[in-house]
Amino acid sequence: MVKKIFWEDPYQTKLATTVKTVEGSEVTLAETILYALAGGQESDAGTIGGYPVLQARKAGQEIVYTLEEGHRLSPGMPVSTEIDWDRRYKLMRLHFAAEIILELVYQNLGPITKIGAHIAQEKARIDFEWEENIAKSFPLLTEKAHELIEADHPIISAFSDPEAERRYWEIPGFARVSCGGTHVKRTGEVGQLRLKRNNIGKGKERIEITLVQPDG
């Protein structure tokens, strides 16, 4: 299986590695910094050997990358890989903003069921089964989230089961949660967030999360 450098150092933007397999437009690598869609977090954008990655998908513990037709990569070839850092960092910050909000929902709204989530570059969303207007909880959720963010807590991100590639994040005293995404190092990196409600059907509520840019 590919060695996933994005877990060891999610801030690394370039990597020299080796092509492992090639099947038409699909390639695998010996090591990678390119995250593939999982847990609702979108894939990274980037290049392998100068070729844009059109798609990244998980295949068990392997990651398969789709390149354009006619690429000239071959097994054993050394290649340079690079990610779109601006996109990665936005995804990391929004991902952890969503993690904080989700955990605060669990801690403060009582029994509630998450039925979906998606983390994109500009917005994250979490969907719940919930009969009430979830926006009523936004003042509390926002206040508690910003307390965590402003405290700039360190975030632990590690394996709970290395062989099965199960990982978790933890803020001691707040929560420990299973998650295999890419995470920022400290809560302060998330920055100020905003919540918006979207009613997506009877008994279903969506929280949309955006980050406030430094210029407001």
# chains A, B, ... in the order shown; residues from 1 in each chain; ligands from 1
>>> closest_atom_pairs(of="range 28-101 of chain A", to="range 188-197 of chain A", cutoff="10 Å", atoms="only C-alpha atoms", output="JSON lines")
{"residue": "A:Tyr89", "atom": "CA", "partner": "A:Glu189", "partner_atom": "CA", "distance": 9.6}
{"residue": "A:Lys90", "atom": "CA", "partner": "A:Val190", "partner_atom": "CA", "distance": 9.0}
{"residue": "A:Met92", "atom": "CA", "partner": "A:Val190", "partner_atom": "CA", "distance": 8.3}
{"residue": "A:Arg93", "atom": "CA", "partner": "A:Val190", "partner_atom": "CA", "distance": 4.8}
{"residue": "A:Leu94", "atom": "CA", "partner": "A:Val190", "partner_atom": "CA", "distance": 7.1}
{"residue": "A:His95", "atom": "CA", "partner": "A:Val190", "partner_atom": "CA", "distance": 9.0}
{"residue": "A:Phe96", "atom": "CA", "partner": "A:Val190", "partner_atom": "CA", "distance": 7.0}
{"residue": "A:Ala97", "atom": "CA", "partner": "A:Val190", "partner_atom": "CA", "distance": 6.2}
{"residue": "A:Ala98", "atom": "CA", "partner": "A:Leu193", "partner_atom": "CA", "distance": 9.7}
{"residue": "A:Ile100", "atom": "CA", "partner": "A:Val190", "partner_atom": "CA", "distance": 9.9}
{"residue": "A:Ile101", "atom": "CA", "partner": "A:Leu195", "partner_atom": "CA", "distance": 9.3}
>>> residues_around(residues="range 30-32 of chain A", least_positions_apart="4", cutoff="8 Å", atoms="only C-alpha atoms", output="JSON list (two decimals) with N, CA, C and O atoms, in the first residue's frame")
[["chain", "number", "residue", "atom", "x", "y", "z"],
["A", 1, "MET", "N", 0.85, -1.19, 0.00],
["A", 1, "MET", "CA", 0.00, 0.00, 0.00],
["A", 1, "MET", "C", 0.88, 1.24, 0.00],
["A", 1, "MET", "O", 2.03, 1.22, 0.44],
["A", 2, "VAL", "N", 0.33, 2.33, -0.45],
["A", 2, "VAL", "CA", 1.07, 3.58, -0.55],
["A", 2, "VAL", "C", 1.33, 4.16, 0.85],
["A", 2, "VAL", "O", 0.48, 4.07, 1.73],
["A", 3, "LYS", "N", 2.51, 4.72, 1.04],
["A", 3, "LYS", "CA", 2.81, 5.40, 2.29],
["A", 3, "LYS", "C", 2.20, 6.79, 2.23],
["A", 3, "LYS", "O", 2.50, 7.57, 1.33],
["A", 4, "LYS", "N", 1.36, 7.10, 3.19],
["A", 4, "LYS", "CA", 0.57, 8.33, 3.15],
["A", 4, "LYS", "C", 1.25, 9.43, 3.97],
["A", 4, "LYS", "O", 1.03, 9.59, 5.16],
["A", 5, "ILE", "N", 2.05, 10.21, 3.26],
["A", 5, "ILE", "CA", 2.81, 11.29, 3.90],
["A", 5, "ILE", "C", 1.87, 12.39, 4.40],
["A", 5, "ILE", "O", 2.19, 13.11, 5.33],
["A", 6, "PHE", "N", 0.69, 12.52, 3.79],
["A", 6, "PHE", "CA", -0.23, 13.58, 4.22],
["A", 6, "PHE", "C", -0.70, 13.39, 5.66],
["A", 6, "PHE", "O", -1.20, 14.33, 6.28],
["A", 15, "LEU", "N", 6.81, 16.42, -2.99],
["A", 15, "LEU", "CA", 7.39, 15.13, -2.63],
["A", 15, "LEU", "C", 8.01, 14.48, -3.86],
["A", 15, "LEU", "O", 7.39, 14.40, -4.92],
["A", 17, "THR", "N", 9.01, 11.00, -5.31],
["A", 17, "THR", "CA", 8.64, 9.62, -5.04],
["A", 17, "THR", "C", 8.85, 8.78, -6.31],
["A", 17, "THR", "O", 9.53, 9.21, -7.25],
["A", 18, "THR", "N", 8.24, 7.59, -6.34],
["A", 18, "THR", "CA", 8.40, 6.68, -7.46],
["A", 18, "THR", "C", 7.04, 6.16, -7.90],
["A", 18, "THR", "O", 6.18, 5.86, -7.06],
["A", 19, "VAL", "N", 6.85, 6.06, -9.21],
["A", 19, "VAL", "CA", 5.62, 5.45, -9.73],
["A", 19, "VAL", "C", 5.66, 3.96, -9.43],
["A", 19, "VAL", "O", 6.65, 3.28, -9.70],
["A", 20, "LYS", "N", 4.56, 3.44, -8.88],
["A", 20, "LYS", "CA", 4.51, 2.02, -8.53],
["A", 20, "LYS", "C", 3.86, 1.20, -9.65],
["A", 20, "LYS", "O", 4.41, 0.22, -10.13],
["A", 81, "THR", "N", 5.81, 15.11, -7.06],
["A", 81, "THR", "CA", 4.39, 15.38, -6.86],
["A", 81, "THR", "C", 4.23, 16.69, -6.10],
["A", 81, "THR", "O", 5.09, 17.06, -5.30]]
>>> atom_distance(atom1="CA of Gly201 in chain A", atom2="CA of Ser178 in chain A")
28.3 Å
>>> closest_residue(among="A:Lys204, A:Lys144, A:His183, A:Arg167", to="Lys114 in chain A", atoms="only C-alpha atoms")
A:Lys204
>>> closest_residue(among="A:Ala38, A:Glu23, A:Arg57, A:Arg206", to="Gly70 in chain A", atoms="only C-alpha atoms")
A:Glu23
>>> residues_around(residues="Thr66 in chain A", least_positions_apart="4", cutoff="8 Å", atoms="only C-alpha atoms", output="number ranges by chain")
A: 25-27, 53-56
>>> residues_around(residues="Asp127 in chain A", least_positions_apart="2", cutoff="10 Å", atoms="only C-alpha atoms", output="count of residues only")
18
>>> select_by_dssp(residues="range 186-216 of chain A", states="strand (DSSP E or B)", output="JSON, numbers by chain")
{"A": [186, 193, 194, 195, 196, 197, 198, 199, 200, 201, 204, 205, 206, 207, 208, 209, 210, 211]}
>>> residues_around(residues="Glu170 in chain A", least_positions_apart="3", cutoff="7 Å", atoms="only C-alpha atoms", output="ChimeraX atom specification")
/A:155-157,175-177
>>> residues_around(residues="Trp85 in chain A", least_positions_apart="2", cutoff="10 Å", atoms="only C-alpha atoms", output="count of residues only")
15
>>> closest_residue(among="A:Glu42, A:Val105, A:Thr187, A:Leu67", to="Ala151 in chain A", atoms="only C-alpha atoms")
A:Thr187
>>> select_by_dssp(residues="range 22-212 of chain A", states="helix (DSSP H, G or I)", output="NGL selection string")
:A and (85-108 or 134-150 or 187-189)
>>> closest_residue(among="A:Leu29, A:Gly24, A:Gln107, A:Gly173", to="Leu140 in chain A", atoms="only C-alpha atoms")
A:Gln107
>>> residues_around(residues="Lys58 in chain A", least_positions_apart="6", cutoff="9 Å", atoms="only C-alpha atoms", output="mmCIF file with all heavy atoms, in the first residue's frame")
data_model
loop_
_atom_site.group_PDB
_atom_site.id
_atom_site.type_symbol
_atom_site.label_atom_id
_atom_site.label_comp_id
_atom_site.auth_asym_id
_atom_site.auth_seq_id
_atom_site.Cartn_x
_atom_site.Cartn_y
_atom_site.Cartn_z
ATOM 1 N N ALA A 36 -7.016 11.532 -0.960
ATOM 2 C CA ALA A 36 -8.147 11.096 -1.787
ATOM 3 C C ALA A 36 -9.438 11.199 -0.988
ATOM 4 O O ALA A 36 -9.450 10.948 0.223
ATOM 5 C CB ALA A 36 -7.938 9.664 -2.255
ATOM 6 N N LEU A 37 -10.511 11.571 -1.664
ATOM 7 C CA LEU A 37 -11.813 11.752 -1.048
ATOM 8 C C LEU A 37 -12.120 10.635 -0.043
ATOM 9 O O LEU A 37 -12.094 9.458 -0.376
ATOM 10 C CB LEU A 37 -12.906 11.759 -2.127
ATOM 11 C CG LEU A 37 -14.359 11.757 -1.641
ATOM 12 C CD1 LEU A 37 -14.686 13.062 -0.929
ATOM 13 C CD2 LEU A 37 -15.309 11.525 -2.804
ATOM 14 N N ALA A 38 -12.421 11.043 1.185
ATOM 15 C CA ALA A 38 -12.792 10.099 2.230
ATOM 16 C C ALA A 38 -13.392 10.871 3.393
ATOM 17 O O ALA A 38 -12.975 11.991 3.688
ATOM 18 C CB ALA A 38 -11.577 9.297 2.714
ATOM 19 N N VAL A 64 -5.523 5.385 -5.935
ATOM 20 C CA VAL A 64 -5.351 5.350 -7.378
ATOM 21 C C VAL A 64 -5.605 6.757 -7.921
ATOM 22 O O VAL A 64 -6.637 7.371 -7.632
ATOM 23 C CB VAL A 64 -6.326 4.351 -8.029
ATOM 24 C CG1 VAL A 64 -6.146 4.344 -9.539
ATOM 25 C CG2 VAL A 64 -6.117 2.951 -7.447
ATOM 26 N N TYR A 65 -4.656 7.240 -8.716
ATOM 27 C CA TYR A 65 -4.762 8.585 -9.293
ATOM 28 C C TYR A 65 -5.008 8.476 -10.785
ATOM 29 O O TYR A 65 -4.339 7.708 -11.489
ATOM 30 C CB TYR A 65 -3.476 9.372 -9.043
ATOM 31 C CG TYR A 65 -3.165 9.550 -7.584
ATOM 32 C CD1 TYR A 65 -2.177 8.792 -6.965
ATOM 33 C CD2 TYR A 65 -3.873 10.468 -6.809
ATOM 34 C CE1 TYR A 65 -1.894 8.940 -5.618
ATOM 35 C CE2 TYR A 65 -3.604 10.626 -5.455
ATOM 36 C CZ TYR A 65 -2.611 9.859 -4.870
ATOM 37 O OH TYR A 65 -2.354 10.008 -3.530
#
>>> closest_residue(among="A:Phe138, A:Pro111, A:Ala158, A:Ala164", to="Lys185 in chain A", atoms="only C-alpha atoms")
A:Ala158
>>> atom_distance(atom1="CA of Ile171 in chain A", atom2="CA of His146 in chain A")
14.4 Å
